[in-house]
Number of protein chains: 4
Amino acid sequence: MTGGQPTFDPKNPDFETRVRDSFARQPFMAHCNITMPVVAAGYVEMRVDYDRALTQQHGFLHGGLVGTVADCTAGYAAFSLMRAEDSVVTVEYKINMLAPAHGRTMIGRSRVIRAGGSLMVCQSDLYVLSGQEDGASEKHCATALVTLMVLKNTPDAPPE
Amino acid sequence: MTGGQPTFDPKNPDFETRVRDSFARQPFMAHCNITMPVVAAGYVEMRVDYDRALTQQHGFLHGGLVGTVADCTAGYAAFSLMRAEDSVVTVEYKINMLAPAHGRTMIGRSRVIRAGGSLMVCQSDLYVLSGQEDGASEKHCATALVTLMVLKNTPDAPPE
Amino acid sequence: MTGGQPTFDPKNPDFETRVRDSFARQPFMAHCNITMPVVAAGYVEMRVDYDRALTQQHGFLHGGLVGTVADCTAGYAAFSLMRAEDSVVTVEYKINMLAPAHGRTMIGRSRVIRAGGSLMVCQSDLYVLSGQEDGASEKHCATALVTLMVLKNTPDAPPE
Amino acid sequence: MTGGQPTFDPKNPDFETRVRDSFARQPFMAHCNITMPVVAAGYVEMRVDYDRALTQQHGFLHGGLVGTVADCTAGYAAFSLMRAEDSVVTVEYKINMLAPAHGRTMIGRSRVIRAGGSLMVCQSDLYVLSGQEDGASEKHCATALVTLMVLKNTPDAPPE
């Protein structure tokens, strides 16, 4: 994205509660050590702390995890702008790996770049932190474009 | 891919051992319940059996897992065609989600569609099985195009 | 696409006329020497004969033309399955260039791989022909995954 | 891209001449009315003025043209950072169409986001201008991620 970023008026004032509730109902997030420190209207940030179970053959955080965070941050950035009665599904995404996810923490940030009535498009950027908390440096390790669909009048949970 | 698929002469006759050894050194594969029933020259198949820890908010296998299998099957399909002294890295991939991964097992199949000296391109297709083992039906749940780079004279393991 | 391909029942029996009429109203098609020899339900084929005006700096057919054909064949493959009152728009596509488009003719073939009510996904494959008409060989020069949206109750023409 | 953008030291001080010379040898650029007002190290801008021959069935600039500009701006942004003896080829790209290219002029801007020794990744953004030159407003109509390969010791022209 060049230049400034759009700001959004959320359609659901309780969007943060709704996003956090949905996130908490995804067992795969905890299984992958993924937390969600920031939820704003059209913007979400996730974080993964290193664990050996999450690595690939070189000891870096696994590319599958990088893709997972690219997709999920986008999904919730889009979801944050939807009405309380709608839910979200990923249509497709494309991700470029820019550097190995070699570090103690990975940060994912996604923002909505087009908020349509039926489709939303987000850009997700992934960073790895190396060094210590003071003076850690971020390395841009992946970037993704994600297309999401608004599922109108569809609950974000399985039928009971 | 229209029509028949290319067949390949592997450059390393021990490719299957090399692929299986690399797979075994990826902790994230076991963490995600991923197995690899088939390794052929330019073709790899993986399988994930349902586990609640691997699901998203509707109880389906998580999209991040679908992307992980799309990427990893492609990586090993490409790796199977490389020389014994080379290794592989994912450059980028694009995945279209065609249906929810709603089933007891997901199968991923990837084949090399272009085997260049520096870059390889694979197509990965993902299927979910529903019903019982006898008479189970496969549903096409995702398709991906994956670009991989040959890392020449580079070991597939961290430095000791 | 592995295995067989789906067959489709078109919702509009006059789909071929509708596709050909829309194609004829696109000035850029003639400008780029693009013809459309085959229109079937969920499948479209286009053809471009070499012209120096369509080339890049090495004298091959331009990559922009390859992308154009990947996108347009997909658009009309999807359009062929829509109702007479709907129209189509490309949401996004991803294309891998597999070989230079070095030949006297390029052929593009696209088929629908998922026909949803709101979104369709197509796979487009591009080939260049070299040699003479008798005994010409096809080279696979690009493959693409294209996502298209159904614009319900929307005419395929500008307002008069 | 979040945050600031990288700046680059070009390896070839004459990069602008080299980029402009290559552009001039692409007949498809003039055929599509494409000009290149800006060439910087790792950044290129192209422009297309409306012509009816370049439109699709609704009278907007054709999506194939949007993809062409996304790809070509990226190609030259990458090429600007290469050594004088290397050339560039597009590996793949992915483009999201954000709005119809409905306007009198389209602007494409691409910047390198990763400059590796073998591969480069660029992000291209496309805008349409509507209204008059004074007070025209830009609409973001597409965004793309493009992967390019460095062809080492390869001339940017056909053999004589």
# chains A, B, ... in the order shown; residues from 1 in each chain; ligands from 1

call {"tool": "interface_residues", "arguments": {"of": "chain C", "to": "chain D", "cutoff": "8 Å", "atoms": "only C-alpha atoms", "output": "count of residues only"}}
result
36

call {"tool": "residues_around", "arguments": {"residues": "region 109-122 of chain A", "least_positions_apart": "4", "cutoff": "7 Å", "atoms": "only C-alpha atoms", "output": "PyMOL selection string"}}
result
(chain A and resi 42-46+73-74+77-78+126+145-150) or (chain D and resi 98)

call {"tool": "select_by_dssp", "arguments": {"residues": "region 32-125 of chain B", "states": "strand (DSSP E)", "output": "PyMOL selection string"}}
result
chain B and resi 34-40+43-49+87-97+105-115+119-125

call {"tool": "atom_distance", "arguments": {"atom1": "CA of Leu81 (chain B)", "atom2": "CA of Ser124 (chain B)"}}
result
16.1 Å

call {"tool": "atom_distance", "arguments": {"atom1": "CA of Ser130 (chain D)", "atom2": "CA of Gly108 (chain D)"}}
result
14.7 Å

call {"tool": "select_by_dssp", "arguments": {"residues": "chain B", "states": "alpha helix (DSSP H)", "output": "VMD selection string"}}
result
chain B and resid 15 to 24 27 to 31 63 to 79

call {"tool": "write_last_selection", "arguments": {"atoms": "C-alpha atoms", "output": "tab-separated table (two decimals), in the first residue's frame"}}
result
chain	number	residue	atom	x	y	z
B	15	PHE	CA	14.79	-39.01	-3.24
B	16	GLU	CA	12.14	-40.79	-1.18
B	17	THR	CA	14.49	-41.33	1.76
B	18	ARG	CA	15.62	-37.73	1.54
B	19	VAL	CA	12.05	-36.39	1.47
B	20	ARG	CA	10.94	-38.61	4.37
B	21	ASP	CA	13.98	-37.67	6.42
B	22	SER	CA	13.30	-33.96	5.92
B	23	PHE	CA	9.62	-34.37	6.74
B	24	ALA	CA	10.52	-36.18	9.97
B	27	PRO	CA	8.13	-30.67	14.31
B	28	PHE	CA	5.14	-28.73	12.94
B	29	MET	CA	4.06	-31.71	10.82
B	30	ALA	CA	3.48	-33.98	13.83
B	31	HIS	CA	2.02	-31.04	15.77
B	63	GLY	CA	-7.85	-22.91	6.73
B	64	GLY	CA	-4.33	-22.41	8.04
B	65	LEU	CA	-3.94	-26.17	8.00
B	66	VAL	CA	-5.26	-26.32	4.43
B	67	GLY	CA	-2.65	-23.75	3.39
B	68	THR	CA	0.06	-25.60	5.31
B	69	VAL	CA	-0.65	-28.85	3.46
B	70	ALA	CA	-0.88	-27.06	0.09
B	71	ASP	CA	2.55	-25.54	0.71
B	72	CYS	CA	4.26	-28.62	2.20
B	73	THR	CA	3.07	-31.12	-0.40
B	74	ALA	CA	4.36	-28.75	-3.07
B	75	GLY	CA	7.66	-28.27	-1.27
B	76	TYR	CA	8.32	-32.00	-1.12
B	77	ALA	CA	7.07	-32.67	-4.65
B	78	ALA	CA	9.67	-30.14	-5.82
B	79	PHE	CA	12.33	-31.42	-3.42

call {"tool": "residues_around", "arguments": {"residues": "Val48 (chain D)", "least_positions_apart": "3", "cutoff": "6 Å", "atoms": "only C-alpha atoms", "output": "short mmCIF file (atom, residue, chain, number, x, y, z; two decimals) with C-alpha atoms, in the first residue's frame"}}
result
data_model
loop_
_atom_site.label_atom_id
_atom_site.label_comp_id
_atom_site.auth_asym_id
_atom_site.auth_seq_id
_atom_site.Cartn_x
_atom_site.Cartn_y
_atom_site.Cartn_z
CA ASN D 33 -0.72 3.81 -25.07
CA ILE D 34 1.53 3.19 -22.07
CA THR D 105 -6.12 8.13 -17.14
CA MET D 106 -4.67 5.17 -15.27
#

call {"tool": "atom_distance", "arguments": {"atom1": "CA of Gly131 (chain D)", "atom2": "CA of Val38 (chain D)"}}
result
22.4 Å
